[in-house]
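A.B. asks: Structure supplied as upload31.cif; contents: mmCIF, C-alpha atoms.
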data_target
loop_
_atom_site.label_atom_id
_atom_site.label_comp_id
_atom_site.auth_asym_id
_atom_site.auth_seq_id
_atom_site.Cartn_x
_atom_site.Cartn_y
_atom_site.Cartn_z
CA MET N 62 0.00 0.00 0.00
CA GLU N 63 1.42 3.40 -1.00
CA ASP N 64 2.24 5.73 1.93
CA VAL N 65 -0.42 8.32 1.10
CA GLN N 66 -3.10 5.65 0.76
CA LYS N 67 -1.95 3.99 3.98
CA HIS N 68 -1.97 7.30 5.85
CA GLU N 69 -5.45 8.12 4.56
CA TYR N 70 -6.77 4.67 5.50
CA PHE N 71 -5.55 4.92 9.10
CA MET N 72 -6.61 8.58 9.39
CA ARG N 73 -10.13 7.52 8.41
CA GLN N 74 -10.02 5.14 11.38
CA ALA N 75 -9.03 8.07 13.61
CA ILE N 76 -11.89 10.11 12.12
CA ARG N 77 -14.25 7.26 13.10
CA GLU N 78 -13.00 7.61 16.66
CA ALA N 79 -13.64 11.37 16.50
CA GLY N 80 -17.23 10.51 15.50
CA LYS N 81 -17.57 8.46 18.69
CA ALA N 82 -16.50 11.53 20.65
CA VAL N 83 -19.26 13.60 19.02
CA GLU N 84 -21.82 10.99 20.08
CA ARG N 85 -20.65 11.45 23.68
CA ASP N 86 -20.59 15.26 23.45
CA GLU N 87 -16.78 15.30 23.66
CA VAL N 88 -14.52 17.48 21.54
CA PRO N 89 -14.16 15.30 18.41
CA VAL N 90 -10.57 14.20 18.37
CA GLY N 91 -9.79 10.62 17.47
CA ALA N 92 -6.55 8.63 17.43
CA VAL N 93 -5.24 5.23 16.44
CA ILE N 94 -1.80 3.72 16.93
CA VAL N 95 -0.44 1.40 14.27
CA TYR N 96 2.29 -1.23 14.68
CA GLU N 97 3.39 -3.48 11.83
CA ASP N 98 0.49 -2.15 9.70
CA ARG N 99 -2.12 -3.16 12.32
CA ILE N 100 -4.14 -0.94 14.63
CA ILE N 101 -3.18 -1.77 18.21
CA ALA N 102 -4.98 1.13 19.94
CA ARG N 103 -8.08 3.24 19.26
CA ALA N 104 -9.28 6.18 21.30
CA HIS N 105 -11.22 9.42 21.33
CA ASN N 106 -11.39 12.30 23.76
CA GLN N 107 -13.07 11.39 27.06
CA ARG N 108 -12.39 14.43 29.25
CA GLU N 109 -16.05 15.19 29.94
CA MET N 110 -17.04 11.58 30.60
CA LEU N 111 -14.11 10.88 32.93
CA ASN N 112 -13.78 14.41 34.37
CA ASP N 113 -10.10 14.04 33.58
CA PRO N 114 -8.13 16.81 31.87
CA THR N 115 -5.57 14.24 30.68
CA ALA N 116 -8.13 12.03 28.90
CA HIS N 117 -7.13 13.16 25.42
CA ALA N 118 -7.42 10.66 22.58
CA GLU N 119 -3.63 10.46 22.24
CA MET N 120 -3.04 9.76 25.93
CA ILE N 121 -5.62 6.98 26.03
CA ALA N 122 -4.25 5.44 22.82
CA ILE N 123 -0.68 5.54 24.19
CA THR N 124 -1.81 3.68 27.32
CA GLN N 125 -3.63 1.06 25.23
CA ALA N 126 -0.64 0.57 22.90
CA ALA N 127 1.76 0.17 25.84
CA ALA N 128 -0.52 -2.48 27.31
CA TYR N 129 -0.75 -4.27 23.97
CA LEU N 130 3.02 -4.25 23.42
CA GLU N 131 3.70 -4.86 27.13
CA ASN N 132 6.29 -2.10 26.94
CA TRP N 133 6.20 1.63 27.60
CA ARG N 134 8.58 2.13 24.68
CA LEU N 135 6.38 2.29 21.59
CA LYS N 136 9.21 1.86 19.08
CA GLY N 137 8.02 1.07 15.58
CA THR N 138 4.60 2.69 16.07
CA THR N 139 2.78 5.46 14.26
CA LEU N 140 0.12 7.62 15.90
CA TYR N 141 -2.67 8.92 13.65
CA VAL N 142 -4.68 11.74 15.20
CA THR N 143 -7.24 14.12 13.73
CA LEU N 144 -5.85 17.25 15.44
CA GLU N 145 -2.27 18.35 16.01
CA PRO N 146 -1.36 17.27 19.56
CA CYS N 147 -1.13 19.71 22.49
CA ALA N 148 1.96 20.09 24.70
CA MET N 149 0.84 17.34 27.10
CA CYS N 150 0.26 14.83 24.32
CA ALA N 151 3.38 15.86 22.39
CA GLY N 152 5.44 15.29 25.54
CA ALA N 153 3.84 11.87 26.02
CA LEU N 154 4.67 10.97 22.41
CA VAL N 155 8.32 11.83 22.99
CA GLN N 156 8.42 9.97 26.31
CA SER N 157 6.79 6.86 24.84
CA ARG N 158 9.19 6.80 21.86
CA VAL N 159 6.51 6.75 19.15
CA ASP N 160 8.32 6.82 15.79
CA THR N 161 5.92 8.77 13.60
CA LEU N 162 3.09 11.25 14.14
CA VAL N 163 0.50 11.66 11.38
CA TYR N 164 -2.10 14.33 12.05
CA GLY N 165 -5.02 15.86 10.22
CA THR N 166 -5.54 19.52 10.97
CA VAL N 167 -3.39 22.07 12.77
CA ASP N 168 -4.23 23.55 16.15
CA LYS N 169 -3.19 27.18 15.87
CA LYS N 170 -3.99 27.87 19.54
CA ALA N 171 -2.41 24.86 21.29
CA GLY N 172 -0.56 22.74 18.73
CA ALA N 173 2.78 21.56 20.06
CA CYS N 174 4.14 19.81 16.97
CA VAL N 175 4.35 22.69 14.50
CA SER N 176 1.82 25.48 15.11
CA VAL N 177 2.74 27.06 18.47
CA ILE N 178 5.85 25.06 19.37
CA ASN N 179 7.48 21.88 18.11
CA LEU N 180 8.13 19.60 21.08
CA VAL N 181 8.22 16.36 19.10
CA GLN N 182 11.29 17.42 17.14
CA GLU N 183 13.08 19.40 19.85
CA PRO N 184 16.79 18.60 19.34
CA ARG N 185 17.55 18.81 23.08
CA PHE N 186 15.25 15.85 23.82
CA ASN N 187 16.54 12.30 23.57
CA HIS N 188 13.84 11.26 21.06
CA ARG N 189 12.31 12.99 18.05
CA LEU N 190 9.35 11.93 15.92
CA LYS N 191 8.90 12.03 12.18
CA ILE N 192 5.87 14.24 11.40
CA VAL N 193 3.43 13.81 8.52
CA PRO N 194 0.97 16.75 8.73
CA GLY N 195 -2.22 17.51 6.85
CA ILE N 196 -3.57 14.03 6.09
CA LEU N 197 -7.31 14.47 5.36
CA ALA N 198 -6.97 17.91 6.97
CA ASP N 199 -10.21 19.32 5.55
CA GLU N 200 -12.28 16.41 6.87
CA CYS N 201 -10.65 16.62 10.29
CA LYS N 202 -11.14 20.39 10.46
CA HIS N 203 -14.77 20.09 9.35
CA ILE N 204 -15.63 17.69 12.19
CA LEU N 205 -14.21 20.10 14.77
CA GLN N 206 -15.79 23.21 13.25
CA THR N 207 -19.19 21.55 13.02
CA PHE N 208 -19.00 20.41 16.64
CA PHE N 209 -18.05 23.84 17.97
CA LEU N 210 -20.54 25.76 15.81
CA GLU N 211 -23.36 23.44 16.92
CA ASN N 212 -22.40 23.77 20.57
CA ILE N 213 -22.22 27.56 20.31
CA ARG N 214 -25.56 27.64 18.47
CA THR N 215 -27.28 25.56 21.15
CA GLY N 216 -25.70 27.50 24.00
CA ARG N 217 -23.62 24.62 25.38
CA LEU N 218 -20.48 26.64 24.69
CA SER N 219 -19.82 30.34 24.54
CA ASN N 220 -17.52 31.91 21.97
CA THR N 221 -14.84 32.19 24.68
CA SER N 222 -14.88 28.63 26.08
#
How does this structure look as structure tokens?

C.D. replies:
Amino acid sequence: MEDVQKHEYFMRQAIREAGKAVERDEVPVGAVIVYEDRIIARAHNQREMLNDPTAHAEMIAITQAAAYLENWRLKGTTLYVTLEPCAMCAGALVQSRVDTLVYGTVDKKAGACVSVINLVQEPRFNHRLKIVPGILADECKHILQTFFLENIRTGRLSNTS
């Protein structure tokens, strides 16, 4: 399978996870972790459900992948996520030694892989990730925009939340 096709296939799986987040009234971010061309972890945001500020899709997927591999070092893995990771998630990606990060849309307010800061390729850290940005970016952006516009329209969120 060609790289672009492979990236799009696995990003569609992450988009499915983002859809599950919408169903649970969570910010629609989805993630999957792939090892040897197989999905070993699937997750979506669960902050509201768990009342846990660390329950981002990436964090949950990292925990699942570590359990699957029975190792905290996630060498040989690729994380696919619909939104550029924040500083917490970017730090966890570095700490867990994920090889490659593939993300959909940028996060101009909190992105820690390109947009605001680039923690995953910081040369002073002992591990750096390969980054593949913009895979199915329009689809990923649309899911987020639709969610926030609907929540503002219905009064569940204000413009400043």

A.B. asks: Check what the PyMOL selection byres ((chain N and resi 169-180) around 9) selects in the file above and give those residues as a count of residues only.

C.D. replies: 20

A.B. asks: Distance CA of Val65 (chain N)-CA of Leu197 (chain N), one decimal place?

C.D. replies: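 For CA of Val65 (chain N) relative to CA of Leu197 (chain N), the distance reads 10.2 Å.
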
A.B. asks: Between CA of Asn132 (chain N) and CA of Ser157 (chain N), what distance in Å does the model show, to one decimal?

C.D. replies: 9.2 Å

A.B. asks: I'd like to know which of N:Thr139, N:Met120, N:Gly80, N:Asp113 is closest to Ile101 (chain N), using only C-alpha atoms.

C.D. replies: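 Smallest distance to Ile101 (chain N) is found for N:Thr139.
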
A.B. asks: List, as a list in words, every residue that the PyMOL selection byres ((chain N and resi 96) around 9) selects in the file provided.

C.D. replies: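 Applied to this file, the PyMOL selection byres ((chain N and resi 96) around 9) returns Ile94, Val95, Glu97, Asp98, Arg99, Ile100, Ile101, Ala126, Leu135, Lys136, Gly137, Thr138 and Thr139 of chain N.
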
A.B. asks: Please, could you write that set of residues out with C-alpha atoms as a PDB file, in the coordinates of the input?

C.D. replies:
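What ended up in result-v7.pdb:
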ATOM      1  CA  ILE N  94      -1.800   3.720  16.930  1.00  0.00           C
ATOM      2  CA  VAL N  95      -0.440   1.400  14.270  1.00  0.00           C
ATOM      3  CA  GLU N  97       3.390  -3.480  11.830  1.00  0.00           C
ATOM      4  CA  ASP N  98       0.490  -2.150   9.700  1.00  0.00           C
ATOM      5  CA  ARG N  99      -2.120  -3.160  12.320  1.00  0.00           C
ATOM      6  CA  ILE N 100      -4.140  -0.940  14.630  1.00  0.00           C
ATOM      7  CA  ILE N 101      -3.180  -1.770  18.210  1.00  0.00           C
ATOM      8  CA  ALA N 126      -0.640   0.570  22.900  1.00  0.00           C
ATOM      9  CA  LEU N 135       6.380   2.290  21.590  1.00  0.00           C
ATOM     10  CA  LYS N 136       9.210   1.860  19.080  1.00  0.00           C
ATOM     11  CA  GLY N 137       8.020   1.070  15.580  1.00  0.00           C
ATOM     12  CA  THR N 138       4.600   2.690  16.070  1.00  0.00           C
ATOM     13  CA  THR N 139       2.780   5.460  14.260  1.00  0.00           C
TER      14      THR N 139
END

A.B. asks: If we count all atoms listed in the file and set the cut-off at 12 Å, which residues sit around Trp133 (chain N), ignoring sequence neighbours fewer than 4 positions away in its own chain? Please answer as a PDB file with C-alpha atoms, in the coordinates of the input.

C.D. replies:
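Dumped everything to selection_24.pdb:
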ATOM      1  CA  ILE N 123      -0.680   5.540  24.190  1.00  0.00           C
ATOM      2  CA  THR N 124      -1.810   3.680  27.320  1.00  0.00           C
ATOM      3  CA  GLN N 125      -3.630   1.060  25.230  1.00  0.00           C
ATOM      4  CA  ALA N 126      -0.640   0.570  22.900  1.00  0.00           C
ATOM      5  CA  ALA N 127       1.760   0.170  25.840  1.00  0.00           C
ATOM      6  CA  ALA N 128      -0.520  -2.480  27.310  1.00  0.00           C
ATOM      7  CA  TYR N 129      -0.750  -4.270  23.970  1.00  0.00           C
ATOM      8  CA  THR N 138       4.600   2.690  16.070  1.00  0.00           C
ATOM      9  CA  ALA N 153       3.840  11.870  26.020  1.00  0.00           C
ATOM     10  CA  LEU N 154       4.670  10.970  22.410  1.00  0.00           C
ATOM     11  CA  VAL N 155       8.320  11.830  22.990  1.00  0.00           C
ATOM     12  CA  GLN N 156       8.420   9.970  26.310  1.00  0.00           C
ATOM     13  CA  SER N 157       6.790   6.860  24.840  1.00  0.00           C
ATOM     14  CA  ARG N 158       9.190   6.800  21.860  1.00  0.00           C
ATOM     15  CA  VAL N 159       6.510   6.750  19.150  1.00  0.00           C
TER      16      VAL N 159
END

A.B. asks: Could you work out an axis-aligned box for region 100-110 of chain N, taking every atom the file lists and adding 5 Å on each side, and report centre and edge lengths in Å to one decimal, as JSON?

C.D. replies:
{"center_x": -10.1, "center_y": 6.7, "center_z": 22.6, "size_x": 23.9, "size_y": 27.0, "size_z": 26.0}

A.B. asks: For the file shown, what are the residues hit by the PyMOL selection byres ((chain N and resi 73) around 10), laid out as a list in words?

C.D. replies: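 Applying the expression gives Lys67, His68, Glu69, Tyr70, Phe71, Met72, Gln74, Ala75, Ile76, Arg77, Glu78, Ala79, Gly91, Ala92, Val93, Tyr141, Val142, Thr143, Gly165, Ile196, Leu197, Glu200 and Cys201 of chain N.
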
A.B. asks: Give me, please, the distance in Å between CA of Lys191 (chain N) and CA of Thr166 (chain N), quoted to one decimal.

C.D. replies: 16.3 Å

A.B. asks: Please determine, counting all atoms listed in the file, which residue among N:Leu162, N:Ile121, N:Leu210, N:Ala116 has the shortest atom-to-atom distance to Ala104 (chain N).

C.D. replies: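 Among the listed residues, the smallest separation from Ala104 (chain N) belongs to N:Ile121.
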